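What follows is a set of notes on a single structure, which appears directly below.
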Amino acid sequence: MRIEIAAALAMLTFGASIAEAQGVLTIGRREDSTTFDPIKSAQNVDNWVFSNVFDVLVRVDKTGTKLEPGLAESWTISEDGLTYTFTMRDAKFSDGSPITAKDAAFTLLRIRDNQGSLWSDSFKVIETAEAKDDKTLVVKLKTPSAPFLSTLALPNVSVIPQKGMEALGEEAFAEKPIASGAFVVKEWRRGDRVILEKNPNFWQADRVKLDGVEWISVPDDNTRMLNVQAGQLDTAIFVPFSRVEELKKDPNLNVEIDTSTREDHLLINHEHGALAKKEVRQALDMAIDKKAIVDTVTFNLGEVAYSYVPKGSLYHYADNLQRPYDPEKAKQMLADAGASGLSLNYVVNAGNETDEQIAVLLQQQLLKAGVTVNLQKVDPSQSWDMLIAGDYDISVMYWTNDILDPDQKTTFVLGHDTNMNYMTRYKNDQVKDLVAAARLEQDPAKREAMYVDLQKMAKADVNWIDLYYSPYINVTRKNIENFYQNPLGRFFLEDTVKN
Amino acid sequence: MSTVHVSDWNLRWSRWLGQRVTLAAGVSILALFIFAAIAAPLIAPYDPIVHNSELRLVPPSLFHPFGTDNFGRDILSRVIWATRIDLQIAFLGVIFPFLIGTILGTISGYFGGMVDIIFMRLIDVVLAFPFLVLMLSIIAILGPGLSSFYIAMALVGWVSYARLIRTQMLVLKNSDYAVAAVSLGFSNSRIMFRHLLPNAIAGSIVFSMSDAVLVLLNGAAISYLGLGVQPPLAEWGVMVAEGQSFISTAWWITFFPGLSIVVLAFGLSLLGDGLSETLGARQ
């Protein structure tokens, strides 16, 4: 009896331990996936797995700065910038059926029209998408759009099979999709892990070295790091800044630091009292010591930010204004603007380590300029609603780019869109018009000049306060090679090797 | 007992000594913390709030006996200043439930009948919810902060005191001196609060000491969840929470405030034990 129990226990623990199969890469992350229907998520947890399972018409390269052919072998754009003609590559879905222009057209119209699509706004510009034959896709736009090609690289517009989707139904597809990428979903244990295996029908199947991949959710940062150190996981992503130094010293581990497009910034509610004055916002910018944040919060792994277009991404303006840290002058400027003794309500995400640390730092720094900051810790779900309702003075948020082109972020942040310029209520009609014009401009040089102007104008008006840029930090065991992300977050698992 | 045997005497002596030692140890630990709280500005070596980016994550040393945290704040100074808030939590978190519970329990037990039924059903309703869940929902409605915590404690914590006193009252109101007081025509409130309550309260006082331990831990837990003490104020629970992410690299950030919680809780428990023996012996 006792032996039986022991055996059962041993089996249980063995079953619960992390699989050790050769050639299967185990990756620890904070959360589990939420769906495999690409149009129904806008979260990195999903998008990063979508890129393993699906392929897109146009890909972003490893550096995150150039587009390269994906399922579309080549394409031509008409003179007026309205008609795009794509030639499809010879490729197959995981069920063996060919990937045709029909499937691509279905994909584009689905993301535009489907009720559940979170991305329909980005694809409203499409007038028609038609398959002329199995290999030729013709897309007509309503207006010229410079960022259109780069939106096709979004993992959310991954090509899915029309017949397969219709046969399975949306719900079944979202559980166990038909793949067009390097891996197929073998099993999804919700809340625990996603198990992928190599897709033999992938058009670049000979490039894939791994037999499979397991994305395992280990929410606690400390536990996830310990799992890699103990060899129970091959890699872990989301390494906390505070752990990098220590993990680097471990002879069994490599710490991978990859450029990202993440920028953390301080949102300002322009509709609240003195914050409507440009001078007050400029004074706040000068009262914040960004270097201290980089030192304390990111352990020097981040960099001071000075433009909303992150460093290393397209049209980033390296000579943008950086106001010096000068609390005395800030205090004087606030007094001149009639805002002495300013008191601000700062909404903080409770339980978010980085957010809470920044809050404690900013509270101290702003006090030196005579600004009292009242911290209001709330649940993350509640804080988002408060920002939308304008129920805040300041709050820290971050943004990572989904596409290579700066248009997406610019529209959100300065385009005077429905989201009130990322909840800041910033208003400047000149900026608004320039954002719209930059989207249409087809000449890259002219377009770059427009984005440089936008970065200068945003900085002059202090639409928000840029705080810092930070990289992606992942840790791998020494036997793992080529595990990296491009700045848009895509993991190139088709190149990863487990020795 | 007419004759006292030597062995019996020894037993009594050692018991008496045991009580005194427990009580004395409890009192001295509490006194130590009260002293730290009062004298915080004098004995804390550094400012508990000001950041110092050059002295981040310094391990315990001569200059910083408890080390520094990720903002370069001295842990020893923060632990000392936090004593003020944590003692306040233990005191205010107990006194309101104690007062409310004692008054309601006395009335309920003394009068009985409908009054008793109503109060007892009310207690059942409060007890039907898990303690922490009820606390958290009250704080969620009132907004984070210590005053919300005290209000929540008062709304939830009184039930134990009410039950304790009520049970005592049910027994005492039939005792000879109570009957005598009634026949002398004393008012109900005089009988309740001057004759019966002083004889019923000992159990509650003892209970309040162990309750203070629970309140202290609850306060720390609520602050740990970000709903209690707000930064930059130092509180032991908050400090443990702040140090959690550094636990493998800088253990001292969590260790010392955690140790303080344990020691104060231990002191209060000793005090409670000592009191229970001393007061219990008198009855």
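Letters A, B, ... go to the chains of the structure tokens in the order shown; residues in each chain start at 1; ligands are counted from 1 in the same order.
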
When the cut-off is 7 Å and we count only C-alpha atoms, which residues of chain B are near chain A, given as an mmCIF file with C-alpha atoms, in the first residue's frame?
data_model
loop_
_atom_site.group_PDB
_atom_site.id
_atom_site.type_symbol
_atom_site.label_atom_id
_atom_site.label_comp_id
_atom_site.auth_asym_id
_atom_site.auth_seq_id
_atom_site.Cartn_x
_atom_site.Cartn_y
_atom_site.Cartn_z
ATOM 1 C CA ASN B 70 17.187 49.854 -3.287
ATOM 2 C CA PHE B 71 16.671 53.609 -2.825
ATOM 3 C CA GLY B 226 -0.726 47.976 -1.130
ATOM 4 C CA PRO B 231 4.712 55.209 0.524
ATOM 5 C CA PRO B 232 7.030 56.832 1.426
ATOM 6 C CA PHE B 246 15.463 41.521 -3.897
#

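The protein and nucleic acid residues lying at most 12 Å from Leu122 in chain B are B:Leu104, B:Gly105, B:Ser108, B:Val115, B:Asp116, B:Ile117, B:Ile118, B:Phe119, B:Met120, B:Asp124, B:Val125, B:Val126, B:Leu127, B:Ala128, B:Phe129, B:Leu155, B:Val156, B:Trp158, B:Val159, B:Ala162, B:Arg163, with only C-alpha atoms considered and sequence neighbours fewer than 2 positions away removed.
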
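The environment of Met286 in chain A within 7 Å, counting only C-alpha atoms and disregarding residues fewer than 2 places along the same chain, consists of A:Gln282, A:Ala283, A:Leu284, A:Ile288, A:Arg323, A:Pro324, A:Tyr325, A:Asp326, A:Pro327, A:Ala330.
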
Mind writing the picked residues with C-alpha atoms as a PDB file, in the first residue's frame?
ATOM      1  CA  GLN A 282       8.057  71.919 -18.777  1.00  0.00           C
ATOM      2  CA  ALA A 283       8.879  72.605 -15.130  1.00  0.00           C
ATOM      3  CA  LEU A 284       7.776  69.071 -14.195  1.00  0.00           C
ATOM      4  CA  ILE A 288      12.428  64.773 -12.814  1.00  0.00           C
ATOM      5  CA  ARG A 323      15.797  69.408 -20.538  1.00  0.00           C
ATOM      6  CA  PRO A 324      18.423  69.356 -17.788  1.00  0.00           C
ATOM      7  CA  TYR A 325      17.504  68.165 -14.298  1.00  0.00           C
ATOM      8  CA  ASP A 326      17.198  71.354 -12.266  1.00  0.00           C
ATOM      9  CA  PRO A 327      14.701  71.286  -9.380  1.00  0.00           C
ATOM     10  CA  ALA A 330      11.656  74.078 -11.954  1.00  0.00           C
TER      11      ALA A 330
END

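The spacing separating CA of Leu184 in chain B from CA of Gly112 in chain B amounts to 21.0 Å.
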
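For the pair CA of Ile465 in chain A and CA of His265 in chain A, the interatomic distance is 5.5 Å.
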
Shell around range 69-78 of chain A at 8 Å using only C-alpha atoms, local window under 5 positions removed, as a CSV table (one decimal) with all heavy atoms, in the first residue's frame:
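Done, and the output landed in out02.csv:
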chain,number,residue,atom,x,y,z
A,55,ASP,N,2.6,32.4,-40.2
A,55,ASP,CA,3.5,33.3,-40.9
A,55,ASP,C,2.7,34.4,-41.5
A,55,ASP,O,1.4,34.4,-41.6
A,55,ASP,CB,4.1,32.5,-42.1
A,55,ASP,CG,5.4,33.1,-42.5
A,55,ASP,OD1,5.8,34.2,-42.1
A,55,ASP,OD2,6.2,32.5,-43.3
A,56,VAL,N,3.3,35.5,-41.9
A,56,VAL,CA,2.7,36.7,-42.4
A,56,VAL,C,3.1,37.0,-43.8
A,56,VAL,O,4.1,36.4,-44.3
A,56,VAL,CB,3.0,37.9,-41.5
A,56,VAL,CG1,2.2,37.9,-40.2
A,56,VAL,CG2,4.5,38.0,-41.2
A,57,LEU,N,2.3,37.8,-44.5
A,57,LEU,CA,2.7,38.2,-45.9
A,57,LEU,C,4.1,38.8,-46.0
A,57,LEU,O,4.9,38.5,-46.8
A,57,LEU,CB,1.6,39.1,-46.5
A,57,LEU,CG,0.3,38.4,-46.8
A,57,LEU,CD1,-0.7,39.5,-47.2
A,57,LEU,CD2,0.4,37.4,-47.8
A,58,VAL,N,4.3,39.8,-45.1
A,58,VAL,CA,5.5,40.6,-45.1
A,58,VAL,C,6.1,40.5,-43.7
A,58,VAL,O,5.4,40.7,-42.7
A,58,VAL,CB,5.2,42.1,-45.4
A,58,VAL,CG1,6.5,42.9,-45.4
A,58,VAL,CG2,4.5,42.2,-46.7
A,59,ARG,N,7.4,40.2,-43.6
A,59,ARG,CA,8.0,40.0,-42.3
A,59,ARG,C,8.9,41.2,-41.9
A,59,ARG,O,9.4,41.9,-42.8
A,59,ARG,CB,8.9,38.8,-42.2
A,59,ARG,CG,8.2,37.5,-42.3
A,59,ARG,CD,9.2,36.4,-42.3
A,59,ARG,NE,8.6,35.0,-42.4
A,59,ARG,CZ,9.4,33.9,-42.5
A,59,ARG,NH1,10.7,34.0,-42.5
A,59,ARG,NH2,8.8,32.8,-42.6
A,83,THR,N,-2.9,50.8,-55.1
A,83,THR,CA,-3.1,49.3,-55.5
A,83,THR,C,-1.8,48.6,-55.2
A,83,THR,O,-0.7,48.9,-55.7
A,83,THR,CB,-3.4,49.2,-56.9
A,83,THR,OG1,-4.5,50.0,-57.2
A,83,THR,CG2,-3.8,47.7,-57.2
A,84,TYR,N,-1.9,47.5,-54.4
A,84,TYR,CA,-0.8,46.7,-54.0
A,84,TYR,C,-1.0,45.3,-54.6
A,84,TYR,O,-2.1,44.7,-54.4
A,84,TYR,CB,-0.7,46.5,-52.5
A,84,TYR,CG,-0.1,47.7,-51.8
A,84,TYR,CD1,-0.9,48.9,-51.7
A,84,TYR,CD2,1.1,47.7,-51.1
A,84,TYR,CE1,-0.4,50.0,-51.0
A,84,TYR,CE2,1.6,48.8,-50.4
A,84,TYR,CZ,0.8,49.9,-50.4
A,84,TYR,OH,1.3,51.0,-49.7
A,85,THR,N,0.0,44.8,-55.4
A,85,THR,CA,-0.2,43.4,-56.0
A,85,THR,C,0.9,42.5,-55.4
A,85,THR,O,2.1,42.8,-55.5
A,85,THR,CB,-0.1,43.5,-57.5
A,85,THR,OG1,-0.9,44.6,-58.0
A,85,THR,CG2,-0.4,42.2,-58.2
A,86,PHE,N,0.4,41.5,-54.7
A,86,PHE,CA,1.4,40.5,-54.1
A,86,PHE,C,1.4,39.2,-54.9
A,86,PHE,O,0.4,38.7,-55.3
A,86,PHE,CB,0.9,40.2,-52.7
A,86,PHE,CG,0.9,41.4,-51.7
A,86,PHE,CD1,-0.3,42.2,-51.6
A,86,PHE,CD2,2.0,41.8,-51.0
A,86,PHE,CE1,-0.3,43.3,-50.8
A,86,PHE,CE2,1.9,42.9,-50.2
A,86,PHE,CZ,0.8,43.6,-50.1
A,87,THR,N,2.6,38.7,-55.0
A,87,THR,CA,2.8,37.3,-55.6
A,87,THR,C,3.0,36.3,-54.4
A,87,THR,O,4.0,36.5,-53.6
A,87,THR,CB,3.9,37.3,-56.6
A,87,THR,OG1,3.7,38.3,-57.5
A,87,THR,CG2,4.0,35.9,-57.3
A,88,MET,N,2.2,35.3,-54.3
A,88,MET,CA,2.3,34.4,-53.2
A,88,MET,C,3.4,33.3,-53.4
A,88,MET,O,3.6,32.9,-54.5
A,88,MET,CB,1.0,33.7,-53.0
A,88,MET,CG,-0.2,34.6,-52.6
A,88,MET,SD,0.0,35.4,-51.1
A,88,MET,CE,-0.2,34.0,-49.9
A,89,ARG,N,4.0,32.9,-52.3
A,89,ARG,CA,5.0,31.9,-52.4
A,89,ARG,C,4.4,30.5,-52.4
A,89,ARG,O,3.2,30.4,-52.0
A,89,ARG,CB,5.8,32.1,-51.1
A,89,ARG,CG,7.1,31.3,-50.9
A,89,ARG,CD,7.6,31.5,-49.5
A,89,ARG,NE,8.1,32.9,-49.3
A,89,ARG,CZ,9.2,33.4,-49.8
A,89,ARG,NH1,10.0,32.7,-50.5
A,89,ARG,NH2,9.5,34.6,-49.5
A,91,ALA,N,3.7,27.6,-50.6
A,91,ALA,CA,3.8,27.2,-49.2
A,91,ALA,C,2.5,26.5,-48.8
A,91,ALA,O,1.5,26.5,-49.5
A,91,ALA,CB,3.9,28.5,-48.3

Can you tell me, as a ChimeraX atom specification, which residues in range 290-365 of chain A count as alpha helix (DSSP H) by DSSP? /A:290-296,327-336,353-365
